[in-house]
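File shown: upload39.csv. Contents: CSV, C-alpha atoms.
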chain,number,residue,atom,x,y,z
B,190,MET,CA,104.8,37.4,-45.5
B,191,ASN,CA,108.3,36.1,-46.0
B,192,LEU,CA,110.8,37.3,-48.6
B,193,ALA,CA,110.1,34.4,-51.1
B,194,GLU,CA,106.3,35.0,-50.9
B,195,LEU,CA,106.8,38.8,-51.4
B,196,LYS,CA,109.0,38.2,-54.4
B,197,ASN,CA,106.4,35.9,-55.9
B,198,LYS,CA,103.6,38.5,-55.4
B,199,MET,CA,105.7,41.2,-57.1
B,200,ASP,CA,106.5,38.8,-59.9
B,201,GLN,CA,102.7,38.2,-60.4
B,202,ALA,CA,102.3,42.0,-60.5
B,203,HIS,CA,105.0,42.2,-63.2
B,204,TYR,CA,107.0,44.5,-61.0
B,205,ILE,CA,110.7,44.7,-61.7
B,206,TYR,CA,112.8,44.8,-58.5
B,207,ASP,CA,116.2,43.9,-57.2
B,208,ASP,CA,117.1,41.8,-54.2
B,209,THR,CA,117.9,44.9,-52.0
B,210,LEU,CA,114.5,46.4,-52.6
B,211,ALA,CA,112.7,43.2,-52.0
B,212,THR,CA,114.7,42.5,-48.8
B,213,VAL,CA,114.1,45.9,-47.3
B,214,LEU,CA,110.4,45.7,-48.0
B,215,ALA,CA,110.1,42.3,-46.5
B,216,VAL,CA,112.0,43.1,-43.3
B,217,ALA,CA,110.3,46.5,-42.8
B,218,LEU,CA,107.0,44.7,-43.1
B,219,GLU,CA,108.0,41.9,-40.7
B,220,LEU,CA,109.2,44.4,-38.1
B,221,GLY,CA,106.3,46.8,-38.5
B,222,ARG,CA,108.7,49.7,-39.3
B,223,PRO,CA,107.7,52.6,-41.4
B,224,LEU,CA,109.8,52.8,-44.6
B,225,LEU,CA,111.3,56.1,-46.0
B,226,ILE,CA,112.0,55.9,-49.7
B,227,GLU,CA,114.0,58.7,-51.3
B,228,GLY,CA,115.0,59.4,-54.9
B,229,ALA,CA,114.4,61.8,-57.7
B,230,ALA,CA,110.9,62.5,-59.0
B,231,GLY,CA,109.8,59.8,-61.3
B,232,VAL,CA,112.0,56.9,-60.2
B,233,GLY,CA,109.0,54.9,-59.0
B,234,LYS,CA,108.7,55.5,-55.3
B,235,THR,CA,104.9,55.8,-55.2
B,236,GLU,CA,104.6,52.7,-57.4
B,237,ILE,CA,106.2,50.6,-54.6
B,238,ALA,CA,103.3,51.5,-52.2
B,239,LYS,CA,100.8,50.5,-54.9
B,240,VAL,CA,102.5,47.2,-55.5
B,241,MET,CA,102.7,46.5,-51.8
B,242,ALA,CA,99.0,47.2,-51.4
B,243,SER,CA,98.3,44.7,-54.2
B,244,ALA,CA,100.8,42.1,-52.9
B,245,LEU,CA,99.4,42.3,-49.3
B,246,ASP,CA,95.7,42.5,-50.6
B,247,ARG,CA,95.3,45.7,-48.5
B,248,ASP,CA,93.6,49.0,-49.2
B,249,LEU,CA,96.0,51.9,-50.1
B,250,VAL,CA,95.4,55.0,-48.1
B,251,ARG,CA,97.3,58.0,-49.5
B,252,LEU,CA,98.2,61.3,-48.0
B,253,GLN,CA,99.6,63.7,-50.5
B,254,CYS,CA,101.8,66.2,-48.8
B,255,TYR,CA,102.1,69.9,-49.6
B,256,GLU,CA,103.2,73.2,-48.0
B,257,GLY,CA,100.7,74.2,-45.3
B,258,LEU,CA,99.3,70.7,-44.8
B,259,ASP,CA,98.0,70.5,-41.2
B,260,GLU,CA,96.1,68.1,-38.9
B,261,SER,CA,92.7,69.0,-40.2
B,262,LYS,CA,93.6,67.7,-43.6
B,263,ALA,CA,95.8,64.8,-42.6
B,264,LEU,CA,94.4,63.5,-39.3
B,265,TYR,CA,90.8,64.6,-38.5
B,266,GLU,CA,88.3,67.4,-38.7
B,267,TRP,CA,85.1,68.0,-36.9
B,268,ASN,CA,81.9,68.2,-38.9
B,269,TYR,CA,81.1,71.8,-37.9
B,270,GLN,CA,77.9,72.0,-39.9
B,271,LYS,CA,76.5,68.8,-38.3
B,272,GLN,CA,77.6,70.2,-34.8
B,273,LEU,CA,75.8,73.5,-35.4
B,274,LEU,CA,72.6,71.7,-36.5
B,275,SER,CA,72.8,69.5,-33.4
B,276,ILE,CA,73.1,72.6,-31.2
B,277,GLN,CA,70.0,74.2,-32.8
B,278,VAL,CA,68.0,71.0,-32.4
B,279,ASN,CA,69.0,70.0,-28.9
B,280,MET,CA,69.8,73.3,-27.1
B,281,ALA,CA,66.4,73.4,-25.5
B,282,SER,CA,66.3,69.7,-24.4
B,283,GLN,CA,69.9,69.3,-23.1
B,284,ASP,CA,72.0,71.2,-20.6
B,285,ARG,CA,75.0,73.0,-21.9
B,286,GLU,CA,77.7,70.7,-20.6
B,287,SER,CA,76.1,67.4,-21.8
B,288,LEU,CA,75.4,69.0,-25.2
B,289,THR,CA,79.0,70.2,-25.5
B,290,GLN,CA,80.3,66.7,-24.7
B,291,SER,CA,77.9,65.1,-27.2
B,292,LEU,CA,79.3,67.3,-30.0
B,293,PHE,CA,82.8,65.7,-29.8
B,294,THR,CA,82.1,62.1,-30.5
B,295,ASP,CA,82.6,59.7,-33.4
B,296,ALA,CA,79.3,60.9,-34.9
B,297,TYR,CA,80.8,64.3,-35.7
B,298,LEU,CA,84.4,63.1,-36.4
B,299,LEU,CA,85.6,63.2,-40.0
B,300,GLU,CA,88.5,60.8,-40.6
B,301,ARG,CA,91.4,62.0,-42.8
B,302,PRO,CA,94.0,59.6,-44.1
B,303,LEU,CA,96.2,59.2,-41.0
B,304,LEU,CA,93.2,58.5,-38.6
B,305,LYS,CA,91.5,56.3,-41.2
B,306,SER,CA,94.6,54.2,-41.5
B,307,ILE,CA,95.0,53.4,-37.8
B,308,ARG,CA,91.2,53.0,-37.2
B,309,SER,CA,90.7,50.6,-40.0
B,310,GLU,CA,89.5,47.1,-39.0
B,311,LYS,CA,91.9,45.6,-41.5
B,312,PRO,CA,95.5,46.6,-42.0
B,313,VAL,CA,96.2,49.0,-44.8
B,314,VAL,CA,99.2,50.4,-46.7
B,315,LEU,CA,99.5,54.1,-45.7
B,316,LEU,CA,101.4,56.2,-48.3
B,317,ILE,CA,102.6,59.5,-47.0
B,318,ASP,CA,103.7,60.9,-50.4
B,319,GLU,CA,106.3,63.6,-50.8
B,320,ILE,CA,106.8,64.3,-47.1
B,321,ASP,CA,109.6,66.8,-48.0
B,322,LYS,CA,106.9,69.1,-49.4
B,323,ALA,CA,105.2,69.4,-46.0
B,324,ASP,CA,106.4,71.9,-43.3
B,325,GLU,CA,108.8,70.8,-40.6
B,326,GLU,CA,106.0,71.3,-38.1
B,327,PHE,CA,103.9,68.7,-39.8
B,328,GLU,CA,106.9,66.3,-40.0
B,329,ALA,CA,107.3,66.7,-36.2
B,330,PHE,CA,103.6,66.0,-35.8
B,331,LEU,CA,104.0,62.7,-37.6
B,332,LEU,CA,106.6,61.3,-35.1
B,333,GLU,CA,104.0,60.1,-32.6
B,334,LEU,CA,102.2,58.1,-35.3
B,335,LEU,CA,105.5,56.6,-36.7
B,336,SER,CA,106.9,55.6,-33.3
B,337,GLU,CA,103.9,54.7,-31.2
B,338,MET,CA,101.2,53.9,-33.9
B,339,GLN,CA,98.9,56.3,-32.1
B,340,VAL,CA,97.6,59.8,-32.5
B,341,THR,CA,96.3,62.4,-30.0
B,342,ILE,CA,93.1,64.4,-30.5
B,343,PRO,CA,92.7,67.1,-27.8
B,344,GLU,CA,88.9,66.6,-27.5
B,345,VAL,CA,89.0,62.8,-27.5
B,346,GLY,CA,92.4,61.8,-26.2
B,347,THR,CA,94.9,59.2,-27.4
B,348,ILE,CA,93.7,56.9,-30.2
B,349,ARG,CA,95.8,53.8,-30.6
B,350,ALA,CA,95.9,51.8,-33.8
B,351,LYS,CA,93.3,49.0,-34.1
B,352,THR,CA,95.6,47.5,-36.8
B,353,ILE,CA,99.1,48.4,-37.8
B,354,PRO,CA,99.4,49.9,-41.2
B,355,PHE,CA,102.5,49.4,-43.4
B,356,VAL,CA,103.7,53.0,-43.6
B,357,ILE,CA,105.6,54.2,-46.7
B,358,LEU,CA,106.9,57.7,-46.8
B,359,THR,CA,108.4,59.1,-50.0
B,360,SER,CA,110.7,62.1,-50.5
B,361,ASN,CA,112.2,63.8,-53.6
B,362,ARG,CA,114.8,65.4,-51.3
B,363,ALA,CA,113.4,68.9,-51.9
B,364,ARG,CA,114.5,69.7,-48.3
B,365,PRO,CA,116.4,67.8,-45.6
B,366,LEU,CA,114.3,65.6,-43.3
B,367,SER,CA,114.9,65.5,-39.6
B,368,GLU,CA,117.0,62.9,-37.9
B,369,ALA,CA,114.1,62.1,-35.6
B,370,LEU,CA,112.0,61.1,-38.5
B,371,ARG,CA,114.8,59.1,-40.1
B,372,ARG,CA,115.5,57.2,-36.9
B,373,ARG,CA,111.9,55.9,-36.9
B,374,CYS,CA,112.1,54.5,-40.4
B,375,ALA,CA,113.8,51.9,-42.4
B,376,TYR,CA,115.4,53.5,-45.5
B,377,LEU,CA,115.6,52.9,-49.2
B,378,TYR,CA,117.2,55.0,-51.9
B,379,ILE,CA,116.0,54.5,-55.5
B,380,GLN,CA,117.8,55.7,-58.6
B,381,TYR,CA,116.6,55.9,-62.2
B,382,PRO,CA,116.8,52.4,-63.7
B,383,ASP,CA,119.7,51.5,-65.9
B,384,MET,CA,119.3,50.4,-69.5
B,385,GLU,CA,118.7,46.7,-68.6
B,386,LYS,CA,116.1,47.4,-65.9
B,387,GLU,CA,114.3,50.1,-68.0
B,388,LEU,CA,114.0,47.6,-70.9
B,389,ALA,CA,112.7,44.9,-68.5
B,390,ILE,CA,110.1,47.4,-67.2
B,391,LEU,CA,109.0,48.1,-70.8
B,392,ARG,CA,108.7,44.5,-71.7
B,393,ALA,CA,106.8,43.7,-68.5
B,394,LYS,CA,104.3,46.5,-68.7
B,395,LEU,CA,104.0,46.7,-72.5
B,396,PRO,CA,104.4,43.1,-73.8
B,397,HIS,CA,102.7,43.9,-77.0
B,398,VAL,CA,105.1,46.6,-78.1
B,399,ASP,CA,107.8,45.6,-80.6
B,400,ASP,CA,110.9,44.5,-78.7
B,401,ARG,CA,113.3,46.4,-80.9
B,402,LEU,CA,111.3,49.6,-80.4
B,403,CYS,CA,111.4,49.0,-76.6
B,404,ALA,CA,115.2,48.8,-76.8
B,405,GLN,CA,115.5,52.0,-78.8
B,406,VAL,CA,113.1,53.8,-76.4
B,407,ALA,CA,115.1,52.6,-73.3
B,408,LEU,CA,118.4,53.7,-74.9
B,409,ALA,CA,116.9,57.1,-75.8
B,410,VAL,CA,115.6,57.7,-72.3
B,411,GLN,CA,119.0,56.8,-70.8
B,412,LYS,CA,120.6,59.4,-73.1
B,413,LEU,CA,118.0,62.1,-72.3
B,414,ARG,CA,118.5,61.6,-68.5
B,415,SER,CA,122.3,61.8,-68.8
B,416,ASN,CA,122.1,65.0,-70.9
B,417,GLU,CA,122.8,68.0,-68.6
B,418,THR,CA,120.7,70.4,-70.8
B,419,ILE,CA,117.5,68.4,-70.1
B,420,LEU,CA,116.1,70.0,-66.9
B,421,LYS,CA,113.2,67.6,-66.1
B,422,LYS,CA,114.5,64.1,-66.4
B,423,PRO,CA,112.0,61.6,-67.9
B,424,SER,CA,110.2,59.4,-65.4
B,425,ILE,CA,109.6,55.7,-65.7
B,426,ALA,CA,105.9,56.5,-66.2
B,427,GLU,CA,106.8,58.8,-69.1
B,428,THR,CA,109.0,56.1,-70.7
B,429,LEU,CA,106.0,53.8,-70.7
B,430,ASP,CA,103.7,56.6,-72.1
B,431,TRP,CA,106.2,57.3,-74.9
B,432,ALA,CA,106.6,53.7,-75.9
B,433,ALA,CA,102.8,53.3,-75.9
B,434,ALA,CA,102.3,56.4,-78.0
B,435,LEU,CA,104.9,55.2,-80.6
B,436,ASP,CA,103.2,51.9,-80.7
B,437,ALA,CA,99.7,53.5,-81.1
B,438,LEU,CA,101.1,55.4,-84.1
B,439,GLY,CA,102.3,52.1,-85.7
B,440,ILE,CA,105.9,53.3,-85.4
B,441,ARG,CA,108.4,50.4,-85.2
B,442,GLU,CA,111.6,52.4,-85.6
B,443,LEU,CA,112.6,55.4,-83.4
B,444,THR,CA,113.8,57.7,-86.2
B,445,PRO,CA,114.5,61.4,-85.7
B,446,ASP,CA,111.2,62.2,-87.2
B,447,ALA,CA,109.4,59.8,-84.8
B,448,LEU,CA,111.3,61.4,-81.9
B,449,ARG,CA,110.3,64.9,-82.9
B,450,SER,CA,106.6,64.1,-83.5
B,451,THR,CA,106.2,62.3,-80.1
B,452,ALA,CA,108.7,64.3,-77.9
B,453,GLY,CA,105.8,65.7,-75.9
B,454,PHE,CA,105.2,62.3,-74.3
B,455,ILE,CA,108.8,62.2,-72.9
B,456,LEU,CA,109.8,65.8,-72.4
B,457,LYS,CA,107.3,67.9,-70.5
B,458,ASN,CA,108.4,71.5,-70.7
B,459,SER,CA,109.2,74.0,-73.4
B,460,GLU,CA,112.9,74.4,-72.3
B,461,ASP,CA,113.6,70.7,-72.8
B,462,LEU,CA,111.8,70.6,-76.1
B,463,ALA,CA,113.9,73.6,-77.2
B,464,ALA,CA,117.1,71.9,-76.0
B,465,LEU,CA,116.2,68.8,-78.1
B,466,GLN,CA,115.6,71.0,-81.2
B,467,GLU,CA,118.9,72.8,-80.6
B,468,MET,CA,120.7,69.5,-80.4
B,469,GLU,CA,119.2,68.5,-83.8
B,470,GLU,CA,120.1,71.8,-85.4
B,471,GLU,CA,123.7,71.6,-84.2
B,472,GLY,CA,123.9,68.0,-85.6
B,473,HIS,CA,124.7,66.5,-82.2
B,474,HIS,CA,123.9,62.8,-81.6
B,475,CYS,CA,120.3,62.7,-80.7
B,476,ALA,CA,118.4,60.9,-78.1
B,477,CYS,CA,117.5,58.0,-80.4
B,478,GLY,CA,121.1,56.8,-80.5
B,479,GLY,CA,122.4,58.3,-83.8
B,480,ASN,CA,123.0,61.5,-85.6
B,481,CYS,CA,119.8,63.5,-86.3
B,482,GLY,CA,121.1,64.4,-89.8
B,483,GLU,CA,120.5,60.8,-90.8
B,484,HIS,CA,117.1,59.4,-91.6
B,485,SER,CA,117.3,56.3,-89.4
B,486,HIS,CA,119.6,54.5,-87.0
B,487,GLY,CA,120.6,51.0,-86.9
Could you render the structure from this file as structure tokens?
Amino acid sequence: MNLAELKNKMDQAHYIYDDTLATVLAVALELGRPLLIEGAAGVGKTEIAKVMASALDRDLVRLQCYEGLDESKALYEWNYQKQLLSIQVNMASQDRESLTQSLFTDAYLLERPLLKSIRSEKPVVLLIDEIDKADEEFEAFLLELLSEMQVTIPEVGTIRAKTIPFVILTSNRARPLSEALRRRCAYLYIQYPDMEKELAILRAKLPHVDDRLCAQVALAVQKLRSNETILKKPSIAETLDWAAALDALGIRELTPDALRSTAGFILKNSEDLAALQEMEEEGHHCACGGNCGEHSHG
């Protein structure tokens, strides 16, 4: 798929992108390179994998990373219960060596996301989400897959990819990633959208919502993200949720009252809600673009 075709597919999906993002995606796909996407939580890194799966008409295989993730959850696991049952049934009719060998075959192998993605008959999009949450040992384990598109299972040997997945890794930069991993990947850094892009996303995803309200929501979110007292910056998904909630309530104007009554859709912890309330009490300019002492804003 060339760059023009990819842009057309993303346009059809109502995905808002810039030329840099589209170019990096197209080239990484053409070269068969894994793509590492970094950025703050909520900027839309995971959404890129979903959009690419849709654009390429591929299944999305997702591996959610976390501390303590190991091969048995990411690559494969043996079906121990089925193996034990086979031992009980066949121990009298088979010699020990042949029985042991029979236990480590495909019939007893449970595929996890990594193995599933390279054994798929059709290419998939493999999302390794939040790799920075996994341990450094797991990151090192991934290198064989990323560089050779193969994995090694001790009881079976090396398994090479039947088809080459388009691999997307995301990171919130909770910890530094190794240079070895970075060398194997193309790289993309995503920031929170500016006012113009955020408004374009709202219009594309929620075309039924009043345009003026969308503009007020986009402006308010920009102000909340730039406020140092707000600990958890609103994500793009939360922007969409907030606009949808306001619309569901029949609100067409983002007044201070409307902000207060729906703040739980855009601010997701008590500290940030308290910070918003404190700003109102002190008479500071509020997130909806004006002074909270006034009833509404133009």
One decimal place gives the atom CA of Leu435 of chain B-atom CA of Lys412 of chain B separation as 17.9 Å
List every residue of segment 375-447 of chain B that has an atom at most 12 Å from any atom of segment 338-358 of chain B, and for each one report the closest atom pair and its distance in Å to one decimal, counting only C-alpha atoms, with rows sorted by chain and then by increasing residue number, as a tab-separated table.
residue	atom	partner	partner_atom	distance
B:Ala375	CA	B:Ile357	CA	9.5
B:Tyr376	CA	B:Leu358	CA	9.6
B:Leu377	CA	B:Leu358	CA	10.2
B:Tyr378	CA	B:Leu358	CA	11.8
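Atom to atom, atom CA of Cys254 of chain B and atom CA of Pro382 of chain B stand 25.2 Å apart.
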Of B:Tyr255, B:Phe330, B:Trp267, B:Tyr297, the one nearest to Asp318 of chain B when counting all atoms listed in the file is B:Tyr255
ask   = Neighbours of segment 366-373 of chain B within 10 Å (only C-alpha atoms; same-chain residues fewer than 4 positions away dropped), as a VMD selection string?
value = chain B and resid 222 to 225 320 to 321 325 328 to 329 331 to 333 335 to 337 360 362
Please, could you write that set of residues out with C-alpha atoms as a short mmCIF file (atom, residue, chain, number, x, y, z; two decimals), in the coordinates of the input?
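Saved file part_8.cif follows:
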data_model
loop_
_atom_site.label_atom_id
_atom_site.label_comp_id
_atom_site.auth_asym_id
_atom_site.auth_seq_id
_atom_site.Cartn_x
_atom_site.Cartn_y
_atom_site.Cartn_z
CA ARG B 222 108.70 49.70 -39.30
CA PRO B 223 107.70 52.60 -41.40
CA LEU B 224 109.80 52.80 -44.60
CA LEU B 225 111.30 56.10 -46.00
CA ILE B 320 106.80 64.30 -47.10
CA ASP B 321 109.60 66.80 -48.00
CA GLU B 325 108.80 70.80 -40.60
CA GLU B 328 106.90 66.30 -40.00
CA ALA B 329 107.30 66.70 -36.20
CA LEU B 331 104.00 62.70 -37.60
CA LEU B 332 106.60 61.30 -35.10
CA GLU B 333 104.00 60.10 -32.60
CA LEU B 335 105.50 56.60 -36.70
CA SER B 336 106.90 55.60 -33.30
CA GLU B 337 103.90 54.70 -31.20
CA SER B 360 110.70 62.10 -50.50
CA ARG B 362 114.80 65.40 -51.30
#
Counting all atoms listed in the file, closest pick from B:Leu334, B:Lys386, B:Cys374, B:Arg247 relative to Val216 of chain B is B:Cys374
As JSON, numbers by chain, please: the residues near Glu385 of chain B (cut-off 10 Å, all atoms listed in the file, same-chain neighbours under 3 positions excluded). {"B": [382, 388, 389, 390, 404, 407, 408]}
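Distances here use all atoms listed in the file; by that measure, the residue among B:Leu264, B:Ile440, B:Leu420, B:Leu249 closest to Pro302 of chain B is B:Leu264.
Picture a line from atom CA of Met468 of chain B to atom CA of Glu417 of chain B; it runs 12.1 Å.
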Would you mind listing, for every residue of segment 404-447 of chain B within 12 Å of segment 236-242 of chain B, the two atoms forming the shortest contact and the distance between them in Å to one decimal, using all atoms listed in the file, sorted by chain and ascending residue number, as JSON lines?
{"residue": "B:Ser424", "atom": "CA", "partner": "B:Glu236", "partner_atom": "CA", "distance": 11.8}
{"residue": "B:Ile425", "atom": "CA", "partner": "B:Glu236", "partner_atom": "CA", "distance": 10.1}
{"residue": "B:Ala426", "atom": "CA", "partner": "B:Glu236", "partner_atom": "CA", "distance": 9.7}
Take the residues from that selection and write them out as a PDB file, keeping the file's coordinate frame, keeping C-alpha atoms.
ATOM      1  CA  SER B 424     110.200  59.400 -65.400  1.00  0.00           C
ATOM      2  CA  ILE B 425     109.600  55.700 -65.700  1.00  0.00           C
ATOM      3  CA  ALA B 426     105.900  56.500 -66.200  1.00  0.00           C
TER       4      ALA B 426
END
Counting all atoms listed in the file, which residues have an atom no more than 10 Å from (94.6, 59.1, -50.4) in the file's coordinates? Please list them as a ChimeraX atom specification.
/B:249-253,263,301-303,315-318
Give me the residues within 12 Å of Ala433 of chain B as an MDAnalysis selection string, counting only C-alpha atoms and dropping any in the same chain fewer than 2 places off. chainID B and resid 391:392 394:399 402:403 406 426:431 435:441 451 454:455
What are the closest atom pairs, with distances in Å to one decimal, for each residue of segment 308-424 of chain B lying within 10 Å of segment 458-462 of chain B, using only C-alpha atoms, rows by chain and rising residue number, as CSV?
residue,atom,partner,partner_atom,distance
B:Leu413,CA,B:Asp461,CA,9.7
B:Thr418,CA,B:Asp461,CA,7.4
B:Ile419,CA,B:Asp461,CA,5.3
B:Leu420,CA,B:Asp461,CA,6.4
B:Lys421,CA,B:Asp461,CA,7.4
B:Lys422,CA,B:Asp461,CA,9.2
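The closest residue to Leu220 of chain B, picked from B:Ala244, B:Asn191, B:Thr359, B:Lys234 and counting only C-alpha atoms, is B:Asn191.
With all atoms listed in the file as the atoms that count, the minimum distance from His203 of chain B to the choices B:Gly231, B:Gln270, B:Ala393, B:Thr444 is reached by B:Ala393.
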